[in-house]
>>> print(open('run_17.pdb').read())   # PDB, C-alpha atoms and all ligand atoms
ATOM      1  CA  MET A  16     128.152 105.435  53.379
ATOM      2  CA  SER A  17     127.056 102.509  55.539
ATOM      3  CA  PRO A  18     127.269 103.010  59.307
ATOM      4  CA  ILE A  19     130.078 101.343  61.242
ATOM      5  CA  LEU A  20     128.414  98.639  63.302
ATOM      6  CA  GLY A  21     128.739  99.248  67.011
ATOM      7  CA  ALA A  22     130.562 102.543  66.489
ATOM      8  CA  ALA A  23     127.843 104.740  68.009
ATOM      9  CA  SER A  24     126.161 104.020  71.337
ATOM     10  CA  PRO A  25     122.363 104.248  71.360
ATOM     11  CA  PRO A  26     120.873 107.282  73.178
ATOM     12  CA  ASP A  27     120.602 106.946  76.983
ATOM     13  CA  ALA A  28     116.792 106.992  76.975
ATOM     14  CA  LEU A  29     116.658 103.998  74.599
ATOM     15  CA  VAL A  30     119.136 102.061  76.749
ATOM     16  CA  ARG A  31     117.032 102.864  79.821
ATOM     17  CA  ASP A  32     113.849 101.544  78.148
ATOM     18  CA  PHE A  33     115.715  98.420  77.019
ATOM     19  CA  ALA A  34     117.044  97.863  80.569
ATOM     20  CA  ASN A  35     113.565  98.284  82.134
ATOM     21  CA  ASP A  36     111.932  95.933  79.609
ATOM     22  CA  VAL A  37     114.686  93.317  80.061
ATOM     23  CA  ARG A  38     114.382  93.408  83.872
ATOM     24  CA  ARG A  39     110.568  93.057  83.720
ATOM     25  CA  ASP A  40     110.380  90.420  80.972
ATOM     26  CA  LEU A  41     113.179  88.147  82.202
ATOM     27  CA  ALA A  42     111.239  87.901  85.492
ATOM     28  CA  LEU A  43     108.229  86.380  83.624
ATOM     29  CA  THR A  44     107.591  82.664  83.175
ATOM     30  CA  PRO A  45     108.573  81.758  80.544
ATOM     31  CA  LYS A  46     111.297  84.392  80.303
ATOM     32  CA  GLN A  47     110.801  86.750  77.345
ATOM     33  CA  ILE A  48     112.386  89.632  75.437
ATOM     34  CA  GLN A  49     110.307  91.688  72.985
ATOM     35  CA  SER A  50     111.151  90.969  69.358
ATOM     36  CA  LYS A  51     111.622  94.676  68.559
ATOM     37  CA  TYR A  52     114.975  94.416  70.371
ATOM     38  CA  LEU A  53     116.267  92.031  67.672
ATOM     39  CA  TYR A  54     116.792  95.076  65.414
ATOM     40  CA  ASP A  55     119.872  96.989  66.520
ATOM     41  CA  ALA A  56     122.334  97.904  63.728
ATOM     42  CA  LEU A  57     123.834  94.396  63.607
ATOM     43  CA  GLY A  58     120.437  92.696  63.997
ATOM     44  CA  SER A  59     119.047  94.719  61.073
ATOM     45  CA  CYS A  60     121.964  93.600  58.872
ATOM     46  CA  LEU A  61     121.408  89.990  59.930
ATOM     47  CA  PHE A  62     117.708  90.279  59.059
ATOM     48  CA  GLU A  63     118.658  91.698  55.659
ATOM     49  CA  ALA A  64     120.897  88.620  55.174
ATOM     50  CA  ILE A  65     118.036  86.310  56.259
ATOM     51  CA  SER A  66     115.793  87.843  53.613
ATOM     52  CA  ARG A  67     118.272  86.658  50.943
ATOM     53  CA  LEU A  68     118.498  83.073  52.205
ATOM     54  CA  PRO A  69     116.969  80.400  49.989
ATOM     55  CA  TRP A  70     115.050  78.982  52.994
ATOM     56  CA  TYR A  71     113.409  82.322  53.891
ATOM     57  CA  ARG A  72     111.080  83.009  50.977
ATOM     58  CA  ILE A  73     108.864  85.828  52.240
ATOM     59  CA  THR A  74     110.802  88.740  50.709
ATOM     60  CA  ARG A  75     111.187  87.214  47.255
ATOM     61  CA  ALA A  76     107.603  85.916  47.122
ATOM     62  CA  GLU A  77     106.296  89.352  48.039
ATOM     63  CA  GLY A  78     108.529  91.012  45.434
ATOM     64  CA  LYS A  79     107.129  88.653  42.785
ATOM     65  CA  LEU A  80     103.541  89.482  43.743
ATOM     66  CA  LEU A  81     104.248  93.228  43.816
ATOM     67  CA  GLY A  82     105.701  92.974  40.312
ATOM     68  CA  ARG A  83     102.462  91.375  39.223
ATOM     69  CA  CYS A  84      99.885  93.554  41.007
ATOM     70  CA  SER A  85     101.372  97.067  41.414
ATOM     71  CA  GLN A  86      99.671  98.505  38.303
ATOM     72  CA  ASP A  87      96.260  97.193  39.367
ATOM     73  CA  VAL A  88      96.723  98.451  42.926
ATOM     74  CA  VAL A  89      97.599 102.027  41.977
ATOM     75  CA  ALA A  90      94.960 102.133  39.219
ATOM     76  CA  SER A  91      92.230 101.211  41.688
ATOM     77  CA  LEU A  92      92.762 104.231  44.000
ATOM     78  CA  ALA A  93      91.992 107.939  43.438
ATOM     79  CA  ASP A  94      94.758 110.281  42.191
ATOM     80  CA  PRO A  95      96.869 112.013  43.397
ATOM     81  CA  LEU A  96      97.888 108.998  45.437
ATOM     82  CA  THR A  97      99.840 109.197  48.682
ATOM     83  CA  LEU A  98     101.763 106.042  49.626
ATOM     84  CA  ILE A  99     102.731 105.480  53.250
ATOM     85  CA  GLU A 100     105.108 102.623  53.944
ATOM     86  CA  LEU A 101     105.336 101.413  57.536
ATOM     87  CA  GLY A 102     108.853 100.009  58.078
ATOM     88  CA  CYS A 103     110.529 100.860  54.803
ATOM     89  CA  GLY A 104     113.671  98.640  54.921
ATOM     90  CA  SER A 105     115.620  99.510  51.788
ATOM     91  CA  GLY A 106     112.647 101.009  49.912
ATOM     92  CA  GLU A 107     112.705  98.412  47.148
ATOM     93  CA  LYS A 108     109.103  97.309  47.660
ATOM     94  CA  VAL A 109     107.572 100.765  47.741
ATOM     95  CA  ALA A 110     109.719 101.498  44.670
ATOM     96  CA  MET A 111     107.745  98.884  42.717
ATOM     97  CA  LEU A 112     104.552 100.842  43.397
ATOM     98  CA  ALA A 113     106.309 104.154  42.719
ATOM     99  CA  GLU A 114     107.417 102.715  39.378
ATOM    100  CA  ALA A 115     103.807 101.875  38.534
ATOM    101  CA  LEU A 116     102.778 105.428  39.496
ATOM    102  CA  SER A 117     105.546 107.055  37.559
ATOM    103  CA  ARG A 118     104.574 105.112  34.432
ATOM    104  CA  ARG A 119     101.187 106.809  34.669
ATOM    105  CA  ARG A 120     102.988 110.180  34.837
ATOM    106  CA  ARG A 121     100.716 111.414  37.625
ATOM    107  CA  PRO A 122     102.172 113.259  40.618
ATOM    108  CA  ALA A 123     102.245 111.201  43.797
ATOM    109  CA  SER A 124     103.907 111.358  47.164
ATOM    110  CA  VAL A 125     105.538 108.711  49.305
ATOM    111  CA  HIS A 126     105.896 108.929  53.085
ATOM    112  CA  LEU A 127     108.359 106.530  54.659
ATOM    113  CA  ILE A 128     107.909 105.759  58.361
ATOM    114  CA  ASP A 129     110.690 103.985  60.222
ATOM    115  CA  ILE A 130     112.606 104.435  63.466
ATOM    116  CA  SER A 131     115.857 103.556  61.713
ATOM    117  CA  PRO A 132     117.647 106.549  60.102
ATOM    118  CA  THR A 133     119.663 104.116  57.972
ATOM    119  CA  ALA A 134     116.489 102.555  56.537
ATOM    120  CA  LEU A 135     115.065 106.010  55.762
ATOM    121  CA  GLU A 136     118.250 107.171  54.088
ATOM    122  CA  LEU A 137     118.497 104.021  51.965
ATOM    123  CA  SER A 138     114.852 104.184  50.928
ATOM    124  CA  GLU A 139     115.007 107.873  50.054
ATOM    125  CA  ARG A 140     117.965 107.069  47.803
ATOM    126  CA  THR A 141     116.111 104.141  46.189
ATOM    127  CA  LEU A 142     113.112 106.378  45.436
ATOM    128  CA  GLY A 143     115.166 109.334  44.190
ATOM    129  CA  ARG A 144     114.980 108.120  40.590
ATOM    130  CA  PHE A 145     111.233 108.669  40.169
ATOM    131  CA  GLU A 146     110.474 112.045  38.614
ATOM    132  CA  HIS A 147     106.811 112.434  39.489
ATOM    133  CA  VAL A 148     107.131 111.197  43.038
ATOM    134  CA  SER A 149     107.987 113.358  46.049
ATOM    135  CA  VAL A 150     109.452 111.518  49.042
ATOM    136  CA  VAL A 151     109.273 112.429  52.744
ATOM    137  CA  GLY A 152     110.943 110.368  55.463
ATOM    138  CA  HIS A 153     109.602 110.311  59.031
ATOM    139  CA  ARG A 154     111.811 108.982  61.804
ATOM    140  CA  ALA A 155     108.987 107.816  64.040
ATOM    141  CA  THR A 156     107.085 104.811  65.353
ATOM    142  CA  TYR A 157     104.356 103.582  63.002
ATOM    143  CA  GLU A 158     101.626 105.105  65.157
ATOM    144  CA  GLU A 159     103.307 108.533  65.469
ATOM    145  CA  GLY A 160     104.173 108.621  61.770
ATOM    146  CA  LEU A 161     100.653 107.690  60.669
ATOM    147  CA  ARG A 162      99.164 110.381  62.894
ATOM    148  CA  ARG A 163     101.616 112.946  61.527
ATOM    149  CA  VAL A 164     100.881 112.156  57.866
ATOM    150  CA  ALA A 165      97.104 111.976  58.455
ATOM    151  CA  GLY A 166      97.225 115.369  60.209
ATOM    152  CA  GLN A 167      99.004 117.025  57.249
ATOM    153  CA  ARG A 168      96.621 115.641  54.659
ATOM    154  CA  SER A 169      95.016 117.925  52.075
ATOM    155  CA  GLY A 170      93.187 117.384  48.764
ATOM    156  CA  ASN A 171      91.018 114.581  47.473
ATOM    157  CA  GLY A 172      93.476 111.884  46.451
ATOM    158  CA  ALA A 173      93.549 108.509  48.198
ATOM    159  CA  VAL A 174      96.111 107.246  50.685
ATOM    160  CA  LEU A 175      97.536 103.727  50.391
ATOM    161  CA  VAL A 176      99.240 102.313  53.493
ATOM    162  CA  LEU A 177     101.757  99.523  52.863
ATOM    163  CA  PHE A 178     102.371  97.076  55.685
ATOM    164  CA  LEU A 179     104.477  94.415  54.044
ATOM    165  CA  GLY A 180     106.907  91.583  54.739
ATOM    166  CA  SER A 181     104.517  89.753  57.111
ATOM    167  CA  ASN A 182     105.446  92.219  59.839
ATOM    168  CA  ILE A 183     101.834  91.795  60.977
ATOM    169  CA  GLY A 184     102.828  88.214  61.904
ATOM    170  CA  ASN A 185     105.057  89.504  64.701
ATOM    171  CA  PHE A 186     101.961  90.888  66.507
ATOM    172  CA  ASP A 187      99.796  88.551  68.585
ATOM    173  CA  PRO A 188      96.129  88.525  67.431
ATOM    174  CA  PRO A 189      94.789  91.206  69.841
ATOM    175  CA  ALA A 190      97.731  93.512  69.062
ATOM    176  CA  ALA A 191      97.296  92.892  65.303
ATOM    177  CA  HIS A 192      93.609  93.845  65.598
ATOM    178  CA  GLU A 193      94.467  96.965  67.559
ATOM    179  CA  PHE A 194      97.152  97.984  65.084
ATOM    180  CA  LEU A 195      94.994  97.420  61.961
ATOM    181  CA  SER A 196      92.195  99.379  63.672
ATOM    182  CA  GLU A 197      94.647 102.188  64.342
ATOM    183  CA  ILE A 198      95.628 102.234  60.655
ATOM    184  CA  ARG A 199      91.929 102.304  59.728
ATOM    185  CA  GLY A 200      91.395 105.172  62.180
ATOM    186  CA  SER A 201      93.961 107.282  60.347
ATOM    187  CA  LEU A 202      92.300 106.711  56.927
ATOM    188  CA  ARG A 203      89.211 107.969  55.092
ATOM    189  CA  PRO A 204      86.667 105.840  53.203
ATOM    190  CA  GLY A 205      88.170 104.880  49.830
ATOM    191  CA  ASP A 206      91.768 104.776  51.118
ATOM    192  CA  GLY A 207      93.668 101.490  50.888
ATOM    193  CA  LEU A 208      95.823  99.126  52.908
ATOM    194  CA  LEU A 209      98.120  96.654  51.162
ATOM    195  CA  LEU A 210      98.964  93.929  53.671
ATOM    196  CA  GLY A 211     101.651  91.271  53.091
ATOM    197  CA  ALA A 212     101.219  88.162  55.249
ATOM    198  CA  ASP A 213     102.822  84.730  55.244
ATOM    199  CA  LEU A 214     100.605  81.648  54.899
ATOM    200  CA  VAL A 215     100.627  78.354  56.772
ATOM    201  CA  LYS A 216     102.783  75.787  54.985
ATOM    202  CA  PRO A 217     104.285  72.393  55.786
ATOM    203  CA  GLU A 218     106.254  72.330  59.044
ATOM    204  CA  PRO A 219     109.650  71.416  57.498
ATOM    205  CA  ALA A 220     109.509  74.520  55.270
ATOM    206  CA  LEU A 221     108.592  76.710  58.251
ATOM    207  CA  LEU A 222     111.375  75.322  60.411
ATOM    208  CA  ALA A 223     113.995  75.671  57.662
ATOM    209  CA  ALA A 224     112.996  79.348  57.271
ATOM    210  CA  TYR A 225     113.493  80.057  60.988
ATOM    211  CA  ASP A 226     116.412  77.692  61.679
ATOM    212  CA  ASP A 227     118.425  77.876  58.478
ATOM    213  CA  PRO A 228     121.360  75.520  57.847
ATOM    214  CA  LEU A 229     123.790  78.465  57.562
ATOM    215  CA  GLY A 230     122.998  79.608  61.089
ATOM    216  CA  VAL A 231     122.115  83.187  60.072
ATOM    217  CA  THR A 232     118.802  83.115  61.949
ATOM    218  CA  ALA A 233     120.613  81.644  64.976
ATOM    219  CA  ALA A 234     123.029  84.598  64.846
ATOM    220  CA  PHE A 235     120.096  87.021  64.501
ATOM    221  CA  ASN A 236     118.483  85.525  67.611
ATOM    222  CA  LYS A 237     121.705  85.246  69.659
ATOM    223  CA  ASN A 238     122.573  88.846  68.833
ATOM    224  CA  LEU A 239     119.976  89.727  71.473
ATOM    225  CA  LEU A 240     122.329  88.263  74.090
ATOM    226  CA  ALA A 241     125.294  90.050  72.513
ATOM    227  CA  ARG A 242     123.243  93.268  72.531
ATOM    228  CA  MET A 243     122.574  92.898  76.279
ATOM    229  CA  ASN A 244     126.310  92.358  76.788
ATOM    230  CA  ARG A 245     127.125  95.477  74.719
ATOM    231  CA  GLU A 246     124.463  97.864  75.968
ATOM    232  CA  LEU A 247     123.654  96.614  79.470
ATOM    233  CA  ALA A 248     127.109  95.280  80.471
ATOM    234  CA  ALA A 249     125.608  91.767  80.860
ATOM    235  CA  ASP A 250     127.802  88.648  80.975
ATOM    236  CA  PHE A 251     125.847  86.212  78.773
ATOM    237  CA  ASP A 252     128.064  83.379  77.487
ATOM    238  CA  LEU A 253     126.727  83.067  73.923
ATOM    239  CA  ALA A 254     127.994  79.488  73.608
ATOM    240  CA  ALA A 255     125.853  78.500  76.602
ATOM    241  CA  PHE A 256     122.611  79.253  74.695
ATOM    242  CA  ALA A 257     121.147  77.531  71.633
ATOM    243  CA  HIS A 258     118.800  78.977  69.018
ATOM    244  CA  ARG A 259     115.546  77.036  68.609
ATOM    245  CA  ALA A 260     112.603  77.461  66.247
ATOM    246  CA  VAL A 261     109.330  75.718  67.139
ATOM    247  CA  TRP A 262     106.136  75.410  65.089
ATOM    248  CA  ASN A 263     103.238  75.959  67.511
ATOM    249  CA  ARG A 264     100.387  74.461  65.479
ATOM    250  CA  GLU A 265      97.682  75.327  68.014
ATOM    251  CA  HIS A 266      98.457  79.056  67.762
ATOM    252  CA  SER A 267      99.631  78.900  64.128
ATOM    253  CA  ARG A 268     102.966  80.571  64.823
ATOM    254  CA  VAL A 269     106.687  79.891  64.635
ATOM    255  CA  GLU A 270     108.316  80.744  67.968
ATOM    256  CA  MET A 271     111.995  81.596  68.367
ATOM    257  CA  HIS A 272     113.656  80.647  71.654
ATOM    258  CA  LEU A 273     117.117  80.942  73.181
ATOM    259  CA  VAL A 274     117.635  77.786  75.215
ATOM    260  CA  SER A 275     120.050  77.640  78.146
ATOM    261  CA  ARG A 276     122.350  74.648  77.600
ATOM    262  CA  ARG A 277     123.053  74.347  81.357
ATOM    263  CA  ALA A 278     122.037  75.772  84.726
ATOM    264  CA  GLN A 279     123.651  79.191  84.946
ATOM    265  CA  GLN A 280     123.421  82.665  86.389
ATOM    266  CA  VAL A 281     123.782  85.869  84.368
ATOM    267  CA  THR A 282     124.273  89.378  85.703
ATOM    268  CA  ILE A 283     122.898  92.390  83.842
ATOM    269  CA  PRO A 284     124.317  95.378  85.768
ATOM    270  CA  LYS A 285     122.615  98.172  83.809
ATOM    271  CA  ALA A 286     119.248  96.429  84.233
ATOM    272  CA  ASP A 287     120.047  96.039  87.898
ATOM    273  CA  CYS A 288     119.346  92.304  87.977
ATOM    274  CA  THR A 289     120.795  88.809  88.179
ATOM    275  CA  VAL A 290     118.945  86.084  86.291
ATOM    276  CA  ARG A 291     119.102  82.338  87.017
ATOM    277  CA  PHE A 292     118.490  79.783  84.258
ATOM    278  CA  ASP A 293     117.788  76.072  84.718
ATOM    279  CA  ALA A 294     119.210  73.736  82.084
ATOM    280  CA  GLU A 295     116.781  73.774  79.081
ATOM    281  CA  GLU A 296     115.040  76.903  80.319
ATOM    282  CA  PHE A 297     114.495  79.365  77.468
ATOM    283  CA  ILE A 298     113.962  83.012  76.617
ATOM    284  CA  TRP A 299     111.068  83.464  74.174
ATOM    285  CA  THR A 300     112.188  86.077  71.654
ATOM    286  CA  GLU A 301     109.699  86.137  68.741
ATOM    287  CA  ASN A 302     106.373  84.911  67.371
ATOM    288  CA  SER A 303     105.754  84.771  63.618
ATOM    289  CA  TYR A 304     102.095  84.039  62.973
ATOM    290  CA  LYS A 305     101.143  82.206  59.775
ATOM    291  CA  TYR A 306      97.674  82.555  58.278
ATOM    292  CA  ALA A 307      95.048  80.986  56.045
ATOM    293  CA  PRO A 308      94.079  83.423  53.221
ATOM    294  CA  GLU A 309      90.577  83.889  54.649
ATOM    295  CA  GLN A 310      91.970  84.694  58.116
ATOM    296  CA  ILE A 311      93.840  87.635  56.594
ATOM    297  CA  VAL A 312      90.622  88.909  55.016
ATOM    298  CA  ALA A 313      88.795  88.469  58.338
ATOM    299  CA  MET A 314      91.487  90.463  60.213
ATOM    300  CA  GLY A 315      91.085  93.407  57.827
ATOM    301  CA  VAL A 316      87.270  93.245  57.904
ATOM    302  CA  ALA A 317      87.277  93.209  61.736
ATOM    303  CA  ALA A 318      89.328  96.421  61.640
ATOM    304  CA  GLY A 319      86.844  98.241  59.342
ATOM    305  CA  PHE A 320      88.152  97.402  55.852
ATOM    306  CA  ARG A 321      86.678  95.589  52.852
ATOM    307  CA  ALA A 322      88.965  93.189  50.977
ATOM    308  CA  ARG A 323      89.183  94.282  47.334
ATOM    309  CA  GLN A 324      91.629  91.688  46.004
ATOM    310  CA  GLN A 325      94.063  89.039  47.215
ATOM    311  CA  TRP A 326      97.089  87.722  45.326
ATOM    312  CA  ILE A 327      98.747  84.467  46.398
ATOM    313  CA  GLU A 328     102.213  83.211  45.535
ATOM    314  CA  PRO A 329     101.547  79.471  45.368
ATOM    315  CA  ASP A 330     105.095  78.083  45.775
ATOM    316  CA  ALA A 331     106.259  79.998  48.824
ATOM    317  CA  ARG A 332     102.650  80.374  50.085
ATOM    318  CA  PHE A 333     102.511  84.115  50.687
ATOM    319  CA  ALA A 334      99.592  86.547  50.276
ATOM    320  CA  LEU A 335      99.183  90.226  49.445
ATOM    321  CA  THR A 336      95.740  91.574  50.238
ATOM    322  CA  LEU A 337      94.395  94.949  49.118
ATOM    323  CA  PHE A 338      91.863  96.344  51.575
ATOM    324  CA  VAL A 339      89.763  99.462  51.140
ATOM    325  CA  ALA A 340      88.534 101.548  54.083
ATOM    326  CA  GLU A 341      84.708 101.400  54.290
TER     327      GLU A 341
HETATM  328  C1  LIG B   1     110.375  90.885  60.290
HETATM  329  N1  LIG B   1     109.614  89.630  60.451
HETATM  330  C2  LIG B   1     108.426  89.606  59.625
HETATM  331  C3  LIG B   1     110.452  88.422  60.313
HETATM  332  C4  LIG B   1     109.577  87.163  60.470
HETATM  333  O1  LIG B   1     109.564  86.355  59.548
HETATM  334  O2  LIG B   1     108.890  87.042  61.490
HETATM  335  C5  LIG B   1     111.591  88.374  61.310
HETATM  336  C6  LIG B   1     112.370  87.099  61.297
HETATM  337  N2  LIG B   1     112.584  86.329  62.317
HETATM  338  C7  LIG B   1     113.314  85.292  61.978
HETATM  339  N3  LIG B   1     113.525  85.343  60.688
HETATM  340  C8  LIG B   1     112.951  86.489  60.225
END
>>> encode(input="run_17.pdb", output="structure tokens")
Amino acid sequence: MSPILGAASPPDALVRDFANDVRRDLALTPKQIQSKYLYDALGSCLFEAISRLPWYRITRAEGKLLGRCSQDVVASLADPLTLIELGCGSGEKVAMLAEALSRRRRPASVHLIDISPTALELSERTLGRFEHVSVVGHRATYEEGLRRVAGQRSGNGAVLVLFLGSNIGNFDPPAAHEFLSEIRGSLRPGDGLLLGADLVKPEPALLAAYDDPLGVTAAFNKNLLARMNRELAADFDLAAFAHRAVWNREHSRVEMHLVSRRAQQVTIPKADCTVRFDAEEFIWTENSYKYAPEQIVAMGVAAGFRARQQWIEPDARFALTLFVAE
């Protein structure tokens, strides 16, 4: 059964962290809110809707590539294979690899790591149909989950970590390096990392993906304000802010902003602050980095991997890269 949006309040500790981060980051110049806060229950549904929009091509392009390369990926790593998916969504992507494994009729296990219980539940259901595959869900951050699975490891089979959907693009370059190094640190030589990353493409295509004509991405972004109203008793007037997507060519990233349409003051009682906005002042809510194929290889190599193969979807310009731990 799908959860009733907004029916359950988040645990107090999570609200406290949100309040502290909001107070600190809205005092910065420019004002900011971390993109992880886009994903409450409603935000996750809006992202799911974005992934079906014709202008947002990442999810479909990646699905196409997975359909093409899954057999080669699983065949290139030692049995019995353990798959670890970081951020499992609905489990459909890892299911394409599980399908390839199950065709080989070799036992394999899948570990799903996500902080969302709904995502874990959905993915476990999606994977339930594969006979030779055992599935374990971990409600944890990526780092905690990876450590947990690495600590329980036994036997000689390889591990393949899946970090898909261009989630790496939401990390700035130093954080991406740190995170890929952390993944590498939890692996042994011969293990793999399958990394999905979006490529640079013409600006109109990038802007249409992040400012779609149906306004779904605008709703996804503005839900951050609605979330502060719901969870922190803030009084943001949603109509007084506009969604904006900007292609920052110098840094090779699409930025999402929430722009104040007028000078205004907002109170956020549970974050214990009042925030003043000038007209046109914005809150910076997300970066989505876009890469050249060779930059993706270089990121993996810098973190201690060797690139074994790269598949590129030429229309949407998206890449899947299989790395092997050295
Ligand atoms: C989850 N992440 C990879 C998405 C992206 O493309 O950066 C989130 C998103 N933001 C706006 N549209 C989609």
>>> resolve_selection(input="run_17.pdb", expression="the PyMOL selection byres (((chain A and resi 314) around 12) and not hetatm)", output="ChimeraX atom specification")
/A:183-184,187-196,199,210,212,306-313,315-322,336,338
>>> resolve_selection(input="run_17.pdb", expression="the PyMOL selection byres (((chain A and resi 33) around 9) and not hetatm)", output="PyMOL selection string")
chain A and resi 28-32+34-38+52+243+246-247+286
>>> residues_around(input="run_17.pdb", residues="stretch 94-103 of chain A", least_positions_apart="2", cutoff="6 Å", atoms="all atoms listed in the file", output="PyMOL selection string")
chain A and resi 106+123-129+157+172-178
>>> atom_distance(input="run_17.pdb", atom1="atom CA of A:Asn182", atom2="atom CA of A:Lys108")
13.7 Å
>>> closest_residue(input="run_17.pdb", among="A:Ser131, A:Ser24, A:Asn185, A:Thr156", to="ligand LIG 1 (chain B)", atoms="only C-alpha atoms and all ligand atoms")
A:Asn185
>>> atom_distance(input="run_17.pdb", atom1="atom CA of A:Asp87", atom2="atom CA of A:Glu146")
20.6 Å
>>> resolve_selection(input="run_17.pdb", expression="the PyMOL selection byres (((not hetatm)) within 8 of (chain B and resi 1))", output="ChimeraX atom specification")
/A:62,65-66,71,73,180-185,224-225,232,235-236,271,301-304
>>> atom_distance(input="run_17.pdb", atom1="atom CA of A:Leu92", atom2="atom CA of A:Asp206")
7.2 Å
>>> residues_around(input="run_17.pdb", residues="A:Gly205", least_positions_apart="3", cutoff="7 Å", atoms="all atoms listed in the file", output="ChimeraX atom specification")
/A:173,339-341
>>> closest_residue(input="run_17.pdb", among="A:Leu179, A:Lys51, A:Ile198, A:Val148", to="A:Val164", atoms="only C-alpha atoms")
A:Ile198
>>> residues_around(input="run_17.pdb", residues="A:Ala260", least_positions_apart="3", cutoff="12 Å", atoms="all atoms listed in the file", output="PDB file with C-alpha atoms, in the frame of the given file")
ATOM      1  CA  GLU A 218     106.254  72.330  59.044  1.00  0.00           C
ATOM      2  CA  PRO A 219     109.650  71.416  57.498  1.00  0.00           C
ATOM      3  CA  ALA A 220     109.509  74.520  55.270  1.00  0.00           C
ATOM      4  CA  LEU A 221     108.592  76.710  58.251  1.00  0.00           C
ATOM      5  CA  LEU A 222     111.375  75.322  60.411  1.00  0.00           C
ATOM      6  CA  ALA A 223     113.995  75.671  57.662  1.00  0.00           C
ATOM      7  CA  ALA A 224     112.996  79.348  57.271  1.00  0.00           C
ATOM      8  CA  TYR A 225     113.493  80.057  60.988  1.00  0.00           C
ATOM      9  CA  ASP A 226     116.412  77.692  61.679  1.00  0.00           C
ATOM     10  CA  ASP A 227     118.425  77.876  58.478  1.00  0.00           C
ATOM     11  CA  GLY A 230     122.998  79.608  61.089  1.00  0.00           C
ATOM     12  CA  THR A 232     118.802  83.115  61.949  1.00  0.00           C
ATOM     13  CA  ALA A 233     120.613  81.644  64.976  1.00  0.00           C
ATOM     14  CA  ASN A 236     118.483  85.525  67.611  1.00  0.00           C
ATOM     15  CA  ALA A 257     121.147  77.531  71.633  1.00  0.00           C
ATOM     16  CA  ASN A 263     103.238  75.959  67.511  1.00  0.00           C
ATOM     17  CA  ARG A 268     102.966  80.571  64.823  1.00  0.00           C
ATOM     18  CA  VAL A 269     106.687  79.891  64.635  1.00  0.00           C
ATOM     19  CA  GLU A 270     108.316  80.744  67.968  1.00  0.00           C
ATOM     20  CA  MET A 271     111.995  81.596  68.367  1.00  0.00           C
ATOM     21  CA  HIS A 272     113.656  80.647  71.654  1.00  0.00           C
ATOM     22  CA  LEU A 273     117.117  80.942  73.181  1.00  0.00           C
ATOM     23  CA  VAL A 274     117.635  77.786  75.215  1.00  0.00           C
ATOM     24  CA  PHE A 297     114.495  79.365  77.468  1.00  0.00           C
ATOM     25  CA  ILE A 298     113.962  83.012  76.617  1.00  0.00           C
ATOM     26  CA  TRP A 299     111.068  83.464  74.174  1.00  0.00           C
ATOM     27  CA  THR A 300     112.188  86.077  71.654  1.00  0.00           C
ATOM     28  CA  GLU A 301     109.699  86.137  68.741  1.00  0.00           C
ATOM     29  CA  ASN A 302     106.373  84.911  67.371  1.00  0.00           C
ATOM     30  CA  SER A 303     105.754  84.771  63.618  1.00  0.00           C
TER      31      SER A 303
END
>>> closest_residue(input="run_17.pdb", among="A:Pro122, A:Pro228, A:Gly170, A:Pro217", to="A:Ser149", atoms="all atoms listed in the file")
A:Pro122
>>> decode(input="run_17.pdb", residues="stretch 43-50 of chain A", atoms="N, CA, C and O atoms", output="compact mmCIF listing (two decimals), in the first residue's frame")
# COMPACT_ATOMS: atom_id res chain seq x y z
N LEU A 43 23.88 32.03 4.90
CA LEU A 43 25.03 32.13 3.98
C LEU A 43 24.70 33.10 2.85
O LEU A 43 23.54 33.42 2.60
N THR A 44 25.72 33.53 2.14
CA THR A 44 25.51 34.32 0.91
C THR A 44 26.18 33.56 -0.23
O THR A 44 27.39 33.36 -0.16
N PRO A 45 25.48 33.15 -1.29
CA PRO A 45 24.03 33.21 -1.39
C PRO A 45 23.37 32.20 -0.42
O PRO A 45 24.00 31.23 -0.01
N LYS A 46 22.11 32.45 -0.14
CA LYS A 46 21.35 31.55 0.74
C LYS A 46 21.28 30.16 0.08
O LYS A 46 21.20 30.06 -1.16
N GLN A 47 21.31 29.12 0.90
CA GLN A 47 21.31 27.76 0.35
C GLN A 47 20.44 26.84 1.19
O GLN A 47 20.21 27.13 2.36
N ILE A 48 19.99 25.73 0.59
CA ILE A 48 19.43 24.60 1.35
C ILE A 48 19.96 23.34 0.68
O ILE A 48 19.96 23.25 -0.56
N GLN A 49 20.43 22.39 1.46
CA GLN A 49 21.04 21.18 0.87
C GLN A 49 20.00 20.40 0.06
O GLN A 49 18.86 20.22 0.51
N SER A 50 20.46 19.87 -1.08
CA SER A 50 19.51 19.21 -1.99
C SER A 50 18.91 17.93 -1.39
O SER A 50 17.84 17.50 -1.81
